[in-house]
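These notes are about the structure you will find just below.
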Amino acid sequence: MPSWHRLPPVVTMGDDDRLITSLRLNNDVPVAEFVDIAQLAESLGFDQLWVSNDLFLRSAPVLLAAAAMATRRIAVGTCILNPYSIHPAEIAMVATTMQELSGGRFLLGLAAGADDFLAWAGLRRDAPLARTREAISAIRALCSGHSPADVPGSGSGWLADAKMRVPVQPTPIYLGAMSPRMLELTGEIADGGLPLLYPPESFTDTMAHVNTGLVRAGRQSENIDVAACIWVSVDDDPERARAPLAEKLAYFGASFSPTVLARVGLQPADLVAVREAEPAEALALLPPAMMSLGISGTPDEVATRCRTLVAAGARHLSFGPPLGPDRRHAIRLLGERVIPNVR
């Protein structure tokens, strides 16, 4: 039997006294670099490594398979797959195969996806809340050896023969959510959550919605791993650290909702010039308040702001791109100087 069949799973939930840490990367990272980062993250003690599955970039399941075979402890997960571009039956196949490959270290990040990106492929994101709920129910059934046809709430069209024909094991399902209703669904039925926090201090409001779902379902908060997902850019030189975050905010800032912008005292009209400018000019036009939507600076500055999240109740810090001007060095700074300082 190959050695990777016997790798022990990682426990990522249920320990109130331990801070869970994870990295999130975009799926534009080359395979060899992603594997190198996975090994580095594992050596630094990170608990989880997540990668996006944005359309027309690299395949997240392939990246994670490569990383799983090159590591022994760290959990690996998708952030996110969606039930529109990938059928729930195929998502269950990915989860089942990845659990076999990784020795039970796979985490399934699932969400409704983004309208704009799905439209590139001619896909309509209809009834996102209902479709996401049905997908979770169907995937859970399949990963438990059952047919979704036998499980209420799994959607229509399933037959009794819709069962996995290989060994299965339950897979933790994390829900990528930002809207209040999707956050409530996280608390109601998910094993974990991957909410993007703009700004990080919105964690308290985010958890209020998750807790509404927990109460509705009669669940305990100890049974769900909600990651405080933040954009981070860190470097020993604070100005070098801020530049990558500014570039990301200048690129995506005009698409932020009025609700998000209001949290930092802005409104859509403040971003009109940024939206209409060329990339090189947009950076100079970025309102300074936008920088507070993420965290940037030296390891000490990043740690100080992260401590406010832990003080607010965060049990899982998830660091996402851009990470820093030198990605590998930034990850090492997070593992060696930021996280110990937060703990």
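In the structure tokens, chains take letters A, B, ... by order of appearance, with residues numbered from 1 within each chain and ligands from 1 in the order shown.
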
If we count only C-alpha atoms, what is near stretch 221-232 of chain A at a cut-off of 9 Å, once residues fewer than 2 positions away on the same chain are taken out, given as number ranges by chain?
A: 12-16, 20-22, 24, 174, 186-187, 190-200, 203, 207, 210-211, 214, 219, 234, 241, 245, 293-297, 302, 309, 314-324

Selection above as a file: C-alpha atoms, as an mmCIF file, in the first residue's frame:
```
data_model
loop_
_atom_site.group_PDB
_atom_site.id
_atom_site.type_symbol
_atom_site.label_atom_id
_atom_site.label_comp_id
_atom_site.auth_asym_id
_atom_site.auth_seq_id
_atom_site.Cartn_x
_atom_site.Cartn_y
_atom_site.Cartn_z
ATOM 1 C CA THR A 12 -8.966 21.448 12.807
ATOM 2 C CA MET A 13 -12.029 21.967 14.993
ATOM 3 C CA GLY A 14 -13.121 21.569 18.560
ATOM 4 C CA ASP A 15 -10.045 22.861 20.456
ATOM 5 C CA ASP A 16 -11.085 26.124 22.099
ATOM 6 C CA ILE A 20 -5.980 27.639 13.963
ATOM 7 C CA THR A 21 -3.961 29.251 11.175
ATOM 8 C CA SER A 22 -4.218 28.887 7.424
ATOM 9 C CA ARG A 24 -5.092 31.102 1.092
ATOM 10 C CA TYR A 174 -16.743 25.020 4.502
ATOM 11 C CA THR A 186 -23.025 28.699 7.242
ATOM 12 C CA GLY A 187 -24.073 28.560 10.865
ATOM 13 C CA ALA A 190 -21.782 23.972 7.334
ATOM 14 C CA ASP A 191 -18.780 22.468 9.132
ATOM 15 C CA GLY A 192 -16.836 25.677 8.628
ATOM 16 C CA GLY A 193 -16.916 29.110 7.045
ATOM 17 C CA LEU A 194 -14.608 31.124 4.794
ATOM 18 C CA PRO A 195 -15.997 34.678 4.990
ATOM 19 C CA LEU A 196 -13.862 37.405 3.459
ATOM 20 C CA LEU A 197 -13.614 40.226 5.983
ATOM 21 C CA TYR A 198 -13.556 43.766 4.567
ATOM 22 C CA PRO A 199 -12.283 45.240 6.822
ATOM 23 C CA PRO A 200 -10.985 42.602 9.269
ATOM 24 C CA PHE A 203 -15.566 39.886 12.020
ATOM 25 C CA MET A 207 -20.169 36.150 13.388
ATOM 26 C CA VAL A 210 -23.313 32.946 11.638
ATOM 27 C CA ASN A 211 -24.601 32.710 15.199
ATOM 28 C CA LEU A 214 -26.365 28.289 14.685
ATOM 29 C CA ARG A 219 -26.006 23.935 17.021
ATOM 30 C CA VAL A 234 3.727 41.818 5.169
ATOM 31 C CA ALA A 241 4.412 45.765 2.325
ATOM 32 C CA LEU A 245 -2.225 45.468 -1.048
ATOM 33 C CA LEU A 293 -9.969 46.890 4.173
ATOM 34 C CA GLY A 294 -6.890 44.659 4.460
ATOM 35 C CA ILE A 295 -3.839 44.460 6.710
ATOM 36 C CA SER A 296 -0.374 45.551 5.636
ATOM 37 C CA GLY A 297 2.891 46.550 7.252
ATOM 38 C CA VAL A 302 0.237 42.959 11.199
ATOM 39 C CA LEU A 309 -9.473 39.731 15.777
ATOM 40 C CA ALA A 314 -11.588 34.655 16.252
ATOM 41 C CA ARG A 315 -10.233 31.124 16.707
ATOM 42 C CA HIS A 316 -8.920 30.783 13.151
ATOM 43 C CA LEU A 317 -6.818 33.353 11.264
ATOM 44 C CA SER A 318 -6.633 32.806 7.507
ATOM 45 C CA PHE A 319 -4.045 34.878 5.622
ATOM 46 C CA GLY A 320 -4.771 35.556 1.955
ATOM 47 C CA PRO A 321 -3.090 37.202 -1.013
ATOM 48 C CA PRO A 322 -1.260 39.335 -1.839
ATOM 49 C CA LEU A 323 0.697 38.254 1.345
ATOM 50 C CA GLY A 324 3.662 40.491 0.421
#
```

Using 8 Å as the limit and counting only C-alpha atoms, can you tabulate each residue of stretch 148-212 of chain A that touches stretch 100-122 of chain A, with its shortest atom-to-atom distance in Å and the two atoms involved, as CSV?
```
residue,atom,partner,partner_atom,distance
A:Thr171,CA,A:Leu107,CA,6.4
A:Pro172,CA,A:Leu107,CA,5.5
A:Ile173,CA,A:Leu108,CA,4.9
A:Tyr174,CA,A:Gly109,CA,4.6
A:Leu175,CA,A:Leu110,CA,5.1
A:Gly176,CA,A:Ala111,CA,5.0
A:Ala177,CA,A:Ala111,CA,6.9
A:Leu194,CA,A:Gly109,CA,7.7
```

Okay, now the selection with C-alpha atoms, as a PDB file, in the first residue's frame?
```pdb
ATOM      1  CA  THR A 171     -15.651  15.481   4.196  1.00  0.00           C
ATOM      2  CA  PRO A 172     -15.832  18.761   6.162  1.00  0.00           C
ATOM      3  CA  ILE A 173     -17.680  21.364   4.084  1.00  0.00           C
ATOM      4  CA  TYR A 174     -16.743  25.020   4.502  1.00  0.00           C
ATOM      5  CA  LEU A 175     -19.046  27.655   3.048  1.00  0.00           C
ATOM      6  CA  GLY A 176     -17.640  30.734   1.362  1.00  0.00           C
ATOM      7  CA  ALA A 177     -20.060  33.489   2.365  1.00  0.00           C
ATOM      8  CA  LEU A 194     -14.608  31.124   4.794  1.00  0.00           C
TER       9      LEU A 194
END
```

Contacts between stretch 154-158 of chain A and stretch 124-147 of chain A, please, where a residue of stretch 124-147 of chain A counts if it comes within 12 Å (with only C-alpha atoms); show its shortest atom pair and distance in Å to one decimal, rows by chain and ascending number, as a tab-separated table.
```
residue	atom	partner	partner_atom	distance
A:Ala130	CA	A:Gly155	CA	8.9
A:Arg131	CA	A:Gly155	CA	7.9
A:Thr132	CA	A:Ser154	CA	9.8
A:Arg133	CA	A:Ser154	CA	7.7
A:Glu134	CA	A:Ser154	CA	4.4
A:Ala135	CA	A:Ser154	CA	6.5
A:Ile136	CA	A:Ser154	CA	7.7
A:Ser137	CA	A:Ser154	CA	5.0
A:Ala138	CA	A:Ser154	CA	4.7
A:Ile139	CA	A:Ser154	CA	8.4
A:Arg140	CA	A:Ser154	CA	9.3
A:Ala141	CA	A:Ser154	CA	8.4
A:Leu142	CA	A:Ser154	CA	10.4
A:His146	CA	A:Trp158	CA	11.3
A:Ser147	CA	A:Trp158	CA	7.6
```

Taking only stretch 18-239 of chain A into account, list the residues labelled alpha helix (DSSP H) by DSSP (computed from the backbone), as a PyMOL selection string.
chain A and resi 31-44+60-69+88-102+115-120+128-143+180-189+203-217+238-239

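As for atom CA of A:Arg181 and atom CA of A:Thr78, they are spaced 21.6 Å apart.
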
Would you please give, as a list in words, all residues of stretch 35-199 of chain A that DSSP assigns to strand (DSSP E or B) based on the backbone?
Gln48, Leu49, Trp50, Val51, Ala75, Val76, Gly77, Thr78, Cys79, Ile80, Leu81, Phe106, Leu107, Leu108, Gly109, Leu110, Ile173, Tyr174, Leu175, Gly192, Gly193 and Leu196 of chain A

Next, write the just-selected residues to a file, as a PDB file, in the first residue's frame, keeping C-alpha atoms as the atom set.
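Result written to part14.pdb:
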```
ATOM      1  CA  GLN A  48      -4.505  24.463   6.529  1.00  0.00           C
ATOM      2  CA  LEU A  49      -3.680  25.524   2.971  1.00  0.00           C
ATOM      3  CA  TRP A  50      -6.479  26.715   0.684  1.00  0.00           C
ATOM      4  CA  VAL A  51      -6.488  27.594  -3.011  1.00  0.00           C
ATOM      5  CA  ALA A  75      -4.918  20.037   5.610  1.00  0.00           C
ATOM      6  CA  VAL A  76      -5.629  21.157   2.035  1.00  0.00           C
ATOM      7  CA  GLY A  77      -8.828  22.734   0.764  1.00  0.00           C
ATOM      8  CA  THR A  78     -10.679  24.392  -2.101  1.00  0.00           C
ATOM      9  CA  CYS A  79     -11.810  27.991  -1.707  1.00  0.00           C
ATOM     10  CA  ILE A  80     -14.048  27.639  -3.526  1.00  0.00           C
ATOM     11  CA  LEU A  81     -15.849  25.168  -5.809  1.00  0.00           C
ATOM     12  CA  PHE A 106      -9.059  17.334   2.439  1.00  0.00           C
ATOM     13  CA  LEU A 107     -11.446  20.205   3.233  1.00  0.00           C
ATOM     14  CA  LEU A 108     -14.162  21.165   0.746  1.00  0.00           C
ATOM     15  CA  GLY A 109     -14.763  24.877   0.372  1.00  0.00           C
ATOM     16  CA  LEU A 110     -18.056  25.467  -1.446  1.00  0.00           C
ATOM     17  CA  ILE A 173     -17.680  21.364   4.084  1.00  0.00           C
ATOM     18  CA  TYR A 174     -16.743  25.020   4.502  1.00  0.00           C
ATOM     19  CA  LEU A 175     -19.046  27.655   3.048  1.00  0.00           C
ATOM     20  CA  GLY A 192     -16.836  25.677   8.628  1.00  0.00           C
ATOM     21  CA  GLY A 193     -16.916  29.110   7.045  1.00  0.00           C
ATOM     22  CA  LEU A 196     -13.862  37.405   3.459  1.00  0.00           C
TER      23      LEU A 196
END
```

Would you kindly return, as a PyMOL selection string, each protein, DNA or RNA residue with an atom no farther than 10 Å from any atom of stretch 28-30 of chain A, considering only C-alpha atoms and excluding same-chain residues fewer than 5 positions away?
chain A and resi 35+37+51-54+56-60+63

Can you list, as a ChimeraX atom specification, every protein, DNA or RNA residue that comes within 9 Å of stretch 255-266 of chain A when you count only C-alpha atoms, leaving out same-chain residues fewer than 4 positions away?
/A:198-199,202,251,270-271,275,287,289-290,292-293

Take the residues just selected and output them with C-alpha atoms as a PDB file, in the first residue's frame.
```pdb
ATOM      1  CA  TYR A 198     -13.556  43.766   4.567  1.00  0.00           C
ATOM      2  CA  PRO A 199     -12.283  45.240   6.822  1.00  0.00           C
ATOM      3  CA  SER A 202     -16.164  43.304  10.418  1.00  0.00           C
ATOM      4  CA  TYR A 251      -7.878  46.523  -9.121  1.00  0.00           C
ATOM      5  CA  ASP A 270     -15.343  57.885  -4.296  1.00  0.00           C
ATOM      6  CA  LEU A 271     -14.132  55.046  -6.532  1.00  0.00           C
ATOM      7  CA  ARG A 275     -12.669  52.541 -11.963  1.00  0.00           C
ATOM      8  CA  PRO A 287      -8.504  56.695  -1.391  1.00  0.00           C
ATOM      9  CA  ALA A 289      -9.213  54.710   3.625  1.00  0.00           C
ATOM     10  CA  MET A 290      -9.333  51.729   1.271  1.00  0.00           C
ATOM     11  CA  SER A 292      -7.920  49.525   6.025  1.00  0.00           C
ATOM     12  CA  LEU A 293      -9.969  46.890   4.173  1.00  0.00           C
TER      13      LEU A 293
END
```

For the atom pair atom CA of A:Asp36 and atom CA of A:Ala70, what is the interatomic distance in Å to one decimal place?
8.6 Å

Quick one: residues within 9 Å of A:Ile74, only C-alpha atoms, excluding same-chain residues fewer than 5 positions away - as a PyMOL selection string?
chain A and resi 9-10+38-39+41-42+45-49+68+105

For a test of reading the model, state the distance in Å between atom CA of A:Ser43 and atom CA of A:Met69, rounded to one decimal.
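Result for atom CA of A:Ser43 versus atom CA of A:Met69: 14.9 Å, one decimal.
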